[in-house]
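Listing of work.tsv, TSV, C-alpha atoms
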```tsv
chain	number	residue	atom	x	y	z
A	1	MET	CA	161.53	79.78	49.76
A	2	LEU	CA	160.19	82.74	51.62
A	3	LEU	CA	156.83	84.32	51.03
A	4	ILE	CA	157.01	86.91	48.24
A	5	VAL	CA	153.42	88.14	47.94
A	6	ALA	CA	154.10	91.47	49.60
A	7	SER	CA	157.30	91.93	47.67
A	8	LEU	CA	155.98	91.73	44.12
A	9	LEU	CA	155.51	95.26	42.88
A	10	TYR	CA	152.63	94.36	40.62
A	11	LEU	CA	150.65	93.12	43.61
A	12	VAL	CA	151.36	96.02	45.94
A	13	GLY	CA	150.75	98.87	43.58
A	14	ALA	CA	153.27	99.55	40.86
A	15	TYR	CA	150.32	101.10	39.09
A	16	PRO	CA	148.54	102.93	41.92
A	17	GLN	CA	145.60	103.99	39.78
A	18	ASN	CA	144.53	100.39	39.28
A	19	GLN	CA	142.86	98.19	41.85
A	20	VAL	CA	144.73	94.88	41.99
A	21	THR	CA	143.11	91.71	43.32
A	22	VAL	CA	145.48	89.16	44.84
A	23	ASN	CA	144.75	85.55	43.92
A	24	PRO	CA	144.36	83.57	47.17
A	25	ASN	CA	146.09	80.60	45.50
A	26	ILE	CA	149.19	82.62	44.62
A	27	LEU	CA	151.49	80.53	46.83
A	28	VAL	CA	150.64	77.41	44.85
A	29	GLU	CA	150.97	79.25	41.55
A	30	ILE	CA	154.42	80.58	42.46
A	31	PHE	CA	155.93	77.60	44.24
A	32	GLY	CA	153.75	74.69	43.10
A	33	THR	CA	152.53	71.96	45.42
A	34	PRO	CA	154.97	70.11	47.70
A	35	SER	CA	156.84	67.34	45.94
A	36	THR	CA	156.05	63.72	46.74
A	37	THR	CA	159.08	62.39	44.88
A	38	LYS	CA	161.72	60.65	46.97
A	39	SER	CA	165.06	62.32	46.50
A	40	ASP	CA	168.28	62.80	48.40
A	41	GLN	CA	168.15	66.40	47.18
A	42	MET	CA	164.73	67.10	48.72
A	43	ARG	CA	164.51	70.68	49.96
A	44	LEU	CA	162.89	71.77	53.20
A	45	GLU	CA	160.13	73.50	51.26
A	46	ASP	CA	159.21	70.37	49.29
A	47	ILE	CA	157.44	68.63	52.16
A	48	THR	CA	155.31	69.18	55.20
A	49	VAL	CA	156.71	67.75	58.42
A	50	LYS	CA	154.53	65.63	60.65
A	51	PRO	CA	155.38	65.41	64.35
A	52	THR	CA	156.68	62.11	65.66
A	53	GLU	CA	154.41	60.31	68.09
A	54	ALA	CA	155.89	60.71	71.58
A	55	THR	CA	155.32	57.03	72.39
A	56	SER	CA	156.92	55.65	69.21
A	57	THR	CA	160.13	53.66	69.45
A	58	PHE	CA	162.47	52.85	66.58
A	59	THR	CA	165.73	51.04	65.95
A	60	ASP	CA	168.93	53.00	65.42
A	61	LYS	CA	171.70	52.05	62.97
A	62	ASP	CA	173.29	49.74	65.58
A	63	GLY	CA	170.05	47.87	66.22
A	64	ASN	CA	169.35	49.55	69.57
A	65	PRO	CA	165.83	50.71	70.45
A	66	CYS	CA	165.60	54.49	70.36
A	67	GLN	CA	162.99	57.17	70.93
A	68	CYS	CA	162.57	60.63	69.40
A	69	VAL	CA	163.04	63.28	72.08
A	70	PRO	CA	164.09	66.96	72.08
A	71	TYR	CA	167.81	67.37	71.41
A	72	TYR	CA	168.63	68.71	74.88
A	73	LEU	CA	167.58	65.38	76.44
A	74	CYS	CA	170.36	63.41	74.69
A	75	ASP	CA	174.02	63.19	75.60
A	76	SER	CA	176.86	62.95	73.08
A	77	ASN	CA	176.41	59.16	72.93
A	78	LEU	CA	172.70	59.51	72.12
A	79	ASN	CA	171.59	58.27	75.53
A	80	ILE	CA	168.38	59.82	76.85
A	81	LEU	CA	168.88	62.06	79.85
A	82	ASN	CA	166.03	62.59	82.28
A	83	ASP	CA	167.58	65.88	83.20
A	84	SER	CA	166.38	69.37	82.34
A	85	ASP	CA	169.91	70.73	82.81
A	86	ALA	CA	170.99	69.08	79.55
A	87	THR	CA	171.44	71.71	76.85
A	88	GLY	CA	172.01	69.72	73.70
A	89	TRP	CA	175.19	68.96	71.82
A	90	GLY	CA	176.77	68.72	68.41
A	91	LYS	CA	174.83	69.26	65.21
A	92	LEU	CA	171.28	68.73	63.99
A	93	ASP	CA	170.52	67.65	60.44
A	94	VAL	CA	167.61	69.65	59.03
A	95	ARG	CA	166.96	67.23	56.14
A	96	TYR	CA	163.81	65.15	56.29
A	97	GLY	CA	162.88	61.91	54.58
A	98	GLU	CA	160.85	58.76	54.97
A	99	ASP	CA	163.92	56.89	56.21
A	100	ASP	CA	164.37	59.25	59.13
A	101	ASN	CA	162.97	58.13	62.47
A	102	CYS	CA	162.49	61.64	63.84
A	103	GLN	CA	160.58	64.08	61.65
A	104	GLU	CA	161.19	67.26	63.62
A	105	THR	CA	164.39	69.27	63.30
A	106	VAL	CA	164.95	69.49	67.04
A	107	GLU	CA	164.50	65.79	67.79
A	108	LEU	CA	167.08	62.99	68.02
A	109	CYS	CA	166.43	59.27	68.23
A	110	CYS	CA	168.12	58.39	71.50
A	111	LYS	CA	168.70	55.12	73.30
A	112	ASN	CA	167.05	53.94	76.53
A	113	PRO	CA	163.43	54.92	75.75
A	114	ILE	CA	161.42	56.46	78.59
A	115	THR	CA	157.89	57.75	79.03
A	116	MET	CA	157.71	61.47	78.32
A	117	GLU	CA	155.91	61.96	81.64
A	118	GLU	CA	159.27	61.28	83.30
A	119	VAL	CA	160.88	64.25	81.57
A	120	LYS	CA	161.25	67.42	83.55
A	121	PRO	CA	160.56	70.67	81.66
A	122	PRO	CA	163.69	72.65	80.85
A	123	LYS	CA	164.63	75.31	83.34
A	124	PRO	CA	164.37	78.94	82.20
A	125	ASP	CA	167.71	80.24	80.98
A	126	PRO	CA	168.94	83.07	83.24
A	127	LYS	CA	171.16	84.66	80.59
A	128	ARG	CA	170.05	88.06	79.34
A	129	PRO	CA	171.26	90.01	76.30
A	130	LYS	CA	173.96	92.59	76.97
A	131	GLY	CA	172.54	95.28	74.69
A	132	CYS	CA	170.65	95.88	71.47
A	133	GLY	CA	171.43	94.34	68.11
A	134	TYR	CA	173.67	91.44	69.11
A	135	SER	CA	173.36	88.38	66.89
A	136	ASN	CA	174.31	84.82	67.79
A	137	PRO	CA	176.26	83.91	64.62
A	138	LYS	CA	176.81	80.29	65.69
A	139	GLY	CA	173.28	79.93	66.97
A	140	LEU	CA	172.27	78.59	70.37
A	141	ASP	CA	172.54	74.98	71.58
A	142	PHE	CA	173.37	73.36	68.23
A	143	GLN	CA	174.62	73.82	64.68
A	144	LEU	CA	172.65	72.94	61.56
A	145	THR	CA	173.72	70.62	58.77
A	146	GLY	CA	171.95	69.38	55.66
A	147	GLY	CA	170.21	72.60	54.67
A	148	ASN	CA	170.55	74.73	51.56
A	149	GLY	CA	172.60	77.43	53.25
A	150	ASN	CA	169.97	80.10	53.79
A	151	GLU	CA	168.56	78.78	57.06
A	152	ALA	CA	169.21	80.95	60.11
A	153	GLN	CA	170.71	79.21	63.10
A	154	PHE	CA	168.42	78.86	66.11
A	155	GLY	CA	168.54	82.20	67.96
A	156	GLU	CA	170.87	83.79	65.40
A	157	PHE	CA	168.73	86.91	64.88
A	158	PRO	CA	166.83	87.40	68.16
A	159	TRP	CA	165.02	90.59	67.07
A	160	VAL	CA	162.91	88.87	64.38
A	161	VAL	CA	159.28	88.16	65.33
A	162	ALA	CA	156.43	86.50	63.45
A	163	LEU	CA	153.10	88.28	63.05
A	164	LEU	CA	149.99	86.12	63.40
A	165	ASP	CA	146.27	86.72	63.04
A	166	ALA	CA	145.06	86.42	66.63
A	167	LEU	CA	141.72	85.00	65.50
A	168	ASN	CA	142.85	82.06	63.37
A	169	GLU	CA	146.62	81.72	63.89
A	170	SER	CA	147.32	82.36	60.20
A	171	TYR	CA	150.67	83.81	59.24
A	172	VAL	CA	150.59	87.55	58.51
A	173	GLY	CA	154.21	88.60	58.09
A	174	VAL	CA	157.32	89.60	59.98
A	175	GLY	CA	158.19	92.30	62.48
A	176	VAL	CA	161.21	93.48	64.41
A	177	LEU	CA	161.54	94.03	68.16
A	178	LEU	CA	162.47	97.61	69.18
A	179	HIS	CA	161.54	97.32	72.86
A	180	PRO	CA	160.22	94.40	74.95
A	181	GLN	CA	156.75	95.86	74.39
A	182	ILE	CA	157.07	97.41	70.89
A	183	VAL	CA	157.38	95.86	67.44
A	184	MET	CA	157.89	97.62	64.10
A	185	THR	CA	156.51	96.28	60.84
A	186	ALA	CA	155.32	97.50	57.46
A	187	GLY	CA	152.27	99.73	57.34
A	188	HIS	CA	150.71	97.56	54.64
A	189	LYS	CA	150.88	94.55	56.97
A	190	ALA	CA	149.30	96.31	59.96
A	191	ALA	CA	146.63	98.23	58.03
A	192	SER	CA	144.19	95.31	57.94
A	193	PHE	CA	144.21	94.76	61.69
A	194	GLY	CA	142.92	96.43	64.82
A	195	ALA	CA	143.65	96.17	68.52
A	196	GLY	CA	143.37	92.60	69.75
A	197	THR	CA	143.27	90.99	66.30
A	198	LEU	CA	147.04	90.69	65.79
A	199	LYS	CA	149.71	89.03	67.89
A	200	VAL	CA	153.45	88.52	67.72
A	201	ARG	CA	155.55	85.43	68.37
A	202	ALA	CA	159.12	86.15	69.46
A	203	GLY	CA	161.86	83.55	69.62
A	204	GLU	CA	160.28	81.51	66.82
A	205	TRP	CA	162.57	79.48	64.56
A	206	ASP	CA	161.12	76.26	63.14
A	207	THR	CA	157.36	76.76	62.83
A	208	GLN	CA	156.78	73.01	62.80
A	209	THR	CA	157.84	72.40	66.38
A	210	ASN	CA	157.77	73.89	69.87
A	211	LYS	CA	160.38	71.55	71.36
A	212	GLU	CA	163.34	73.92	71.44
A	213	ARG	CA	164.92	74.35	74.87
A	214	LEU	CA	164.30	78.09	74.74
A	215	GLN	CA	160.61	78.61	74.06
A	216	ALA	CA	158.91	81.18	71.86
A	217	GLN	CA	156.73	83.82	73.52
A	218	GLU	CA	153.44	85.26	72.25
A	219	ARG	CA	151.87	88.62	73.01
A	220	VAL	CA	148.67	90.28	71.79
A	221	VAL	CA	148.92	93.67	70.06
A	222	VAL	CA	146.75	96.23	71.87
A	223	GLN	CA	147.61	99.36	69.88
A	224	ILE	CA	148.67	99.98	66.27
A	225	GLU	CA	150.18	103.25	65.06
A	226	ILE	CA	150.61	103.70	61.30
A	227	ARG	CA	152.18	106.76	59.69
A	228	ASN	CA	149.53	109.30	58.71
A	229	ASP	CA	151.24	109.73	55.35
A	230	PHE	CA	151.35	106.01	54.54
A	231	LYS	CA	150.11	105.41	50.99
A	232	ALA	CA	148.67	101.95	50.41
A	233	GLY	CA	148.81	102.29	46.63
A	234	ASN	CA	152.55	102.90	46.28
A	235	LEU	CA	153.75	102.01	49.81
A	236	HIS	CA	155.27	105.42	50.53
A	237	ASN	CA	156.09	105.78	54.27
A	238	ASP	CA	155.39	102.09	54.85
A	239	VAL	CA	155.95	101.74	58.61
A	240	ALA	CA	153.86	100.89	61.66
A	241	LEU	CA	154.46	100.40	65.38
A	242	LEU	CA	152.70	97.77	67.48
A	243	ARG	CA	152.31	98.04	71.25
A	244	LEU	CA	152.08	94.71	73.04
A	245	GLU	CA	149.75	93.97	75.91
A	246	GLN	CA	152.66	92.81	78.08
A	247	PRO	CA	156.43	93.04	77.63
A	248	LEU	CA	158.36	90.08	76.28
A	249	GLU	CA	160.99	88.55	78.52
A	250	LEU	CA	164.35	89.24	76.92
A	251	ALA	CA	166.66	86.25	76.67
A	252	GLU	CA	169.43	84.85	74.49
A	253	HIS	CA	166.96	84.13	71.69
A	254	ILE	CA	164.72	87.21	72.16
A	255	ASN	CA	166.27	90.66	72.04
A	256	VAL	CA	165.77	94.15	70.65
A	257	ILE	CA	167.58	95.55	67.62
A	258	CYS	CA	169.46	98.85	67.62
A	259	LEU	CA	167.75	101.77	65.90
A	260	PRO	CA	169.58	104.02	63.42
A	261	SER	CA	170.07	107.69	64.12
A	262	ALA	CA	167.83	110.11	62.26
A	263	GLY	CA	168.86	110.28	58.60
A	264	GLU	CA	171.71	107.77	58.99
A	265	ASP	CA	173.12	106.71	55.63
A	266	PHE	CA	173.56	102.99	54.98
A	267	SER	CA	174.07	103.23	51.21
A	268	ARG	CA	177.59	101.75	51.42
A	269	SER	CA	176.81	99.08	54.00
A	270	LYS	CA	177.59	95.47	53.12
A	271	ASN	CA	176.62	92.07	54.48
A	272	CYS	CA	173.23	93.26	55.68
A	273	VAL	CA	170.66	90.58	56.49
A	274	ALA	CA	166.93	90.19	55.86
A	275	ASN	CA	164.86	87.44	57.51
A	276	GLY	CA	161.50	85.79	57.10
A	277	TRP	CA	159.46	82.62	56.94
A	278	GLY	CA	157.43	81.47	53.97
A	279	LYS	CA	154.11	80.03	55.00
A	280	ASP	CA	150.49	80.63	54.12
A	281	LEU	CA	149.51	79.11	57.48
A	282	PHE	CA	151.59	79.04	60.63
A	283	GLY	CA	152.51	75.78	62.35
A	284	GLN	CA	151.85	72.25	61.17
A	285	LYS	CA	148.86	73.12	58.96
A	286	GLY	CA	151.12	75.21	56.77
A	287	ARG	CA	152.00	74.09	53.27
A	288	TYR	CA	155.76	74.69	53.56
A	289	ALA	CA	157.97	73.26	56.29
A	290	VAL	CA	160.18	76.27	56.90
A	291	ILE	CA	162.91	77.28	59.26
A	292	LEU	CA	163.60	81.01	59.61
A	293	LYS	CA	165.59	82.11	56.57
A	294	LYS	CA	168.30	84.71	56.08
A	295	VAL	CA	169.32	86.57	52.93
A	296	ILE	CA	172.67	88.41	52.94
A	297	LEU	CA	172.61	91.64	50.90
A	298	ASN	CA	174.66	94.74	50.16
A	299	MET	CA	172.99	98.14	50.17
A	300	VAL	CA	172.61	100.04	46.88
A	301	ASP	CA	172.82	103.84	46.64
A	302	ARG	CA	169.71	105.73	45.54
A	303	ASP	CA	170.97	106.86	42.14
A	304	THR	CA	172.05	103.37	41.12
A	305	CYS	CA	168.83	101.86	42.43
A	306	ALA	CA	166.61	104.40	40.65
A	307	SER	CA	168.53	103.87	37.42
A	308	LYS	CA	168.07	100.09	37.65
A	309	LEU	CA	164.36	100.46	38.37
A	310	ARG	CA	163.88	102.74	35.33
A	311	GLU	CA	165.13	99.89	33.15
A	312	THR	CA	162.10	97.85	34.20
A	313	ARG	CA	158.43	98.23	33.33
A	314	LEU	CA	158.32	101.23	35.66
A	315	GLY	CA	159.78	103.26	32.80
A	316	LYS	CA	162.29	106.04	32.35
A	317	HIS	CA	160.26	108.62	34.28
A	318	PHE	CA	160.04	106.62	37.51
A	319	LYS	CA	161.20	108.47	40.64
A	320	LEU	CA	162.24	106.59	43.76
A	321	HIS	CA	160.47	108.08	46.78
A	322	GLU	CA	162.61	109.36	49.63
A	323	SER	CA	160.96	106.93	52.06
A	324	PHE	CA	162.72	103.98	50.39
A	325	VAL	CA	166.21	102.50	50.45
A	326	CYS	CA	167.52	99.69	48.25
A	327	ALA	CA	169.55	96.53	48.69
A	328	GLY	CA	170.52	93.48	46.68
A	329	GLY	CA	170.39	93.19	42.92
A	330	GLU	CA	172.59	90.11	42.70
A	331	ALA	CA	171.08	87.41	40.50
A	332	GLY	CA	169.54	84.66	42.58
A	333	VAL	CA	169.79	86.57	45.87
A	334	ASP	CA	166.84	88.83	46.48
A	335	THR	CA	164.50	89.94	49.23
A	336	CYS	CA	161.59	89.34	46.91
A	337	GLN	CA	161.89	86.04	48.77
A	338	GLY	CA	161.17	87.90	52.01
A	339	ASP	CA	157.94	88.65	53.85
A	340	GLY	CA	156.31	92.07	54.07
A	341	GLY	CA	157.57	94.00	57.08
A	342	ALA	CA	160.64	91.80	57.47
A	343	PRO	CA	163.66	93.64	58.88
A	344	LEU	CA	166.76	94.49	56.88
A	345	ALA	CA	169.60	94.98	59.37
A	346	CYS	CA	173.15	96.17	58.69
A	347	PRO	CA	176.22	95.45	60.82
A	348	PHE	CA	177.98	98.32	62.60
A	349	GLU	CA	180.16	96.32	64.99
A	350	GLU	CA	181.21	92.68	65.05
A	351	ASN	CA	178.06	90.55	65.27
A	352	ARG	CA	175.96	93.64	66.00
A	353	TYR	CA	173.28	95.22	63.79
A	354	LYS	CA	171.15	98.32	63.26
A	355	LEU	CA	167.69	98.28	61.73
A	356	THR	CA	167.99	99.73	58.23
A	357	GLY	CA	164.82	98.85	56.33
A	358	LEU	CA	161.56	96.91	56.16
A	359	VAL	CA	160.69	94.74	53.15
A	360	ALA	CA	158.33	96.76	50.94
A	361	TRP	CA	158.42	95.80	47.24
A	362	GLY	CA	160.51	94.68	44.31
A	363	ILE	CA	160.42	94.02	40.57
A	364	SER	CA	160.34	90.32	39.70
A	365	CYS	CA	162.40	87.95	41.81
A	366	GLY	CA	166.04	86.93	41.96
A	367	ASP	CA	167.30	88.97	39.01
A	368	ASN	CA	169.68	91.95	39.02
A	369	ILE	CA	167.15	94.55	40.16
A	370	PRO	CA	167.56	95.76	43.78
A	371	GLY	CA	164.76	95.23	46.27
A	372	VAL	CA	163.09	98.24	47.87
A	373	TYR	CA	162.67	98.81	51.61
A	374	ALA	CA	161.08	101.36	53.91
A	375	ASN	CA	163.82	103.75	55.05
A	376	VAL	CA	163.77	103.35	58.84
A	377	ALA	CA	166.34	106.11	59.51
A	378	MET	CA	163.98	108.62	57.90
A	379	PHE	CA	161.32	107.82	60.50
A	380	ARG	CA	163.47	107.89	63.65
A	381	ALA	CA	161.95	111.13	65.00
A	382	TRP	CA	158.44	109.74	64.46
A	383	VAL	CA	159.38	106.49	66.20
A	384	ASP	CA	160.74	108.41	69.18
A	385	ARG	CA	157.56	110.50	69.50
A	386	VAL	CA	155.24	107.49	69.37
A	387	VAL	CA	157.32	105.33	71.68
A	388	GLN	CA	157.71	108.11	74.23
A	389	SER	CA	153.97	108.86	74.10
A	390	TRP	CA	153.45	105.22	75.14
A	391	GLY	CA	155.79	105.74	78.08
A	392	PHE	CA	158.76	103.77	76.75
A	393	SER	CA	162.36	104.42	75.68
A	394	THR	CA	164.02	103.85	72.32
A	395	ASP	CA	167.46	103.38	73.87
A	396	GLY	CA	168.07	99.72	73.17
A	397	ASN	CA	171.24	99.59	75.28
A	398	ASN	CA	169.46	100.47	78.51
A	399	ILE	CA	166.32	98.35	78.27
A	400	ARG	CA	165.90	96.04	81.21
```
What does this structure look like when you write it as structure tokens?
Amino acid sequence: MLLIVASLLYLVGAYPQNQVTVNPNILVEIFGTPSTTKSDQMRLEDITVKPTEATSTFTDKDGNPCQCVPYYLCDSNLNILNDSDATGWGKLDVRYGEDDNCQETVELCCKNPITMEEVKPPKPDPKRPKGCGYSNPKGLDFQLTGGNGNEAQFGEFPWVVALLDALNESYVGVGVLLHPQIVMTAGHKAASFGAGTLKVRAGEWDTQTNKERLQAQERVVVQIEIRNDFKAGNLHNDVALLRLEQPLELAEHINVICLPSAGEDFSRSKNCVANGWGKDLFGQKGRYAVILKKVILNMVDRDTCASKLRETRLGKHFKLHESFVCAGGEAGVDTCQGDGGAPLACPFEENRYKLTGLVAWGISCGDNIPGVYANVAMFRAWVDRVVQSWGFSTDGNNIR
């Protein structure tokens, strides 16, 4: 499951006159501790993955010695290739269990063990994205099997970035890439940080490993711009822009999203997607072993959304602020499972998306109440002014 702390309305200020204290153990209270019960139905979130020792050898189902190596170093017959030109094959099973030799999603147990010192590092991939907002619906390098259906393929949504505390590597939230040197996220995520204390990781997928052929990239945030009219109590105008110390190198798995035009209406858009991870700590110290998730949602018009929200504890006099848009409301499918600042993107061409919202808040989780997002189209003029003042362009089709 994805982190929902920033999405629960009670915690982010449904009652702005009250000061709410967030319990630091809320992840355990919501999700419980990871299961230790053996089960064929074990979910990704039930365990913490431990990396396989590089020198370990095992026996495959045919009795042959095998060694866990990154997927791109195996051929279709599971023979180890000492060749950095290998790019992987077939499918990877994302299920884990004590009977599995390899405990990382991107490893395969391949025949003809070698010392890892013999392995050449993979060559940088020369392919560059052809414009903003293009997804990779089949992923890159491999296809997943064995999951619960809400895992994103590797590289499927190349605009999604993880936000980390630069001082302790803890997981902060999610952002979205607008330019190789600019990330957008929620104001309530950025408000606690200053220059140099926050960093982004682009191209991340499985937080438990760094053995993908295409590597993640990290950059330190050197400037944070939050809307002057952002209200921490009720999350009105909940957007922020982050300027990175150096530009990211765009690639197949790292790319910018397209921005909406000012005031663009997405209220009838369908099959939009929100992404996020769900960890209290990033990497192998984290409690939940999580691959990047995706939640598919339809947008909800303002009148319908406001009406639904008035049926909740917000009451009949609640007014939905103009800085919000809504999506979801289908039982069991909800961005309350998302992370604060996570992008909501809607398709406008085949396999191509525009940024529509940022996860802000919601009532409860997984019921028939829509989730609420910062309305990115409302802030397009502000985004242009800030980005241009930093000397950059917001034209995602001409970024090189």
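Using all atoms listed in the file, the nearest neighbour of Leu244 in chain A within the list A:Val387, A:Ile296, A:Asn210, A:Val172 is A:Val387.
Closest approach to His321 in chain A from the set A:Ala342, A:Leu355, A:Met378, A:Ala190 is made by A:Met378, with distances taken over only C-alpha atoms.
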Could you pull the residues within 8 Å of range 178-184 of chain A, counting all atoms listed in the file, minus those fewer than 5 positions along the same chain, as a list in words? Trp159, Val239, Ala240, Leu241, Leu242, Arg243, Leu244, Glu245, Gln246, Pro247, Leu248, Glu249, Leu250, Asn255, Val256, Ile257, Cys258, Leu259, Gly341, Val387, Ser393, Thr394, Gly396 and Ile399 of chain A
Take the point (169.1, 91.0, 59.4) in the file's coordinates, draw a sphere of radius 12 Å around it, and report as an MDAnalysis selection string every protein, DNA or RNA residue with an atom inside or on it, counting only C-alpha atoms. chainID A and resid 133:137 152 156:161 174:177 257:258 270:276 292:298 335 338 342:348 351:359
Please write the residues from the selection above to a file, keeping C-alpha atoms, as a compact mmCIF listing (two decimals), in the frame of the given file.
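Done, and the output landed in out_36.txt:
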```txt
# COMPACT_ATOMS: atom_id res chain seq x y z
CA GLY A 133 171.43 94.34 68.11
CA TYR A 134 173.67 91.44 69.11
CA SER A 135 173.36 88.38 66.89
CA ASN A 136 174.31 84.82 67.79
CA PRO A 137 176.26 83.91 64.62
CA ALA A 152 169.21 80.95 60.11
CA GLU A 156 170.87 83.79 65.40
CA PHE A 157 168.73 86.91 64.88
CA PRO A 158 166.83 87.40 68.16
CA TRP A 159 165.02 90.59 67.07
CA VAL A 160 162.91 88.87 64.38
CA VAL A 161 159.28 88.16 65.33
CA VAL A 174 157.32 89.60 59.98
CA GLY A 175 158.19 92.30 62.48
CA VAL A 176 161.21 93.48 64.41
CA LEU A 177 161.54 94.03 68.16
CA ILE A 257 167.58 95.55 67.62
CA CYS A 258 169.46 98.85 67.62
CA LYS A 270 177.59 95.47 53.12
CA ASN A 271 176.62 92.07 54.48
CA CYS A 272 173.23 93.26 55.68
CA VAL A 273 170.66 90.58 56.49
CA ALA A 274 166.93 90.19 55.86
CA ASN A 275 164.86 87.44 57.51
CA GLY A 276 161.50 85.79 57.10
CA LEU A 292 163.60 81.01 59.61
CA LYS A 293 165.59 82.11 56.57
CA LYS A 294 168.30 84.71 56.08
CA VAL A 295 169.32 86.57 52.93
CA ILE A 296 172.67 88.41 52.94
CA LEU A 297 172.61 91.64 50.90
CA ASN A 298 174.66 94.74 50.16
CA THR A 335 164.50 89.94 49.23
CA GLY A 338 161.17 87.90 52.01
CA ALA A 342 160.64 91.80 57.47
CA PRO A 343 163.66 93.64 58.88
CA LEU A 344 166.76 94.49 56.88
CA ALA A 345 169.60 94.98 59.37
CA CYS A 346 173.15 96.17 58.69
CA PRO A 347 176.22 95.45 60.82
CA PHE A 348 177.98 98.32 62.60
CA ASN A 351 178.06 90.55 65.27
CA ARG A 352 175.96 93.64 66.00
CA TYR A 353 173.28 95.22 63.79
CA LYS A 354 171.15 98.32 63.26
CA LEU A 355 167.69 98.28 61.73
CA THR A 356 167.99 99.73 58.23
CA GLY A 357 164.82 98.85 56.33
CA LEU A 358 161.56 96.91 56.16
CA VAL A 359 160.69 94.74 53.15
```
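If all atoms listed in the file are the atoms counted, then among A:Thr207, A:Ser323, A:Thr185, A:Gln215 the closest residue to Ala251 in chain A is A:Gln215.
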Coordinates-based distance that separates CA of Arg219 in chain A from CA of Arg385 in chain A (Å, one decimal): 22.9 Å
Determine, counting all atoms listed in the file, which protein, DNA and RNA residues have an atom within 7 Å of an atom of Cys110 in chain A; residues of the same chain fewer than 2 positions away are not included. Present the result as a PyMOL selection string. chain A and resi 66-68+74+78-80+108+112
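Using all atoms listed in the file, the shortest contact distance between Val383 in chain A and any of A:Pro260, A:Cys326, A:Glu349, A:Ala306 is found at A:Pro260.
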Could you tell me which of A:Gly203, A:Gln388, A:Trp277, A:Phe379 comes closest to Val290 in chain A if we count only C-alpha atoms? A:Trp277
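Between CA of Ala191 in chain A and CA of Leu320 in chain A lies a distance of 22.7 Å.
The two atoms in question, CA of Leu140 in chain A and CA of Arg213 in chain A, are spaced 9.6 Å apart.
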Could you please give me, as a PyMOL selection string, the residues of protein, DNA or RNA lying at most 10 Å from (177.7, 97.7, 42.5) in the coordinate frame of the file, considering all atoms listed in the file? chain A and resi 268+298-301+304-305+328-330
Could you tell me which of A:Ile254, A:Ile291, A:Ile224, A:Ala232 comes closest to Trp361 in chain A if we count only C-alpha atoms? A:Ala232
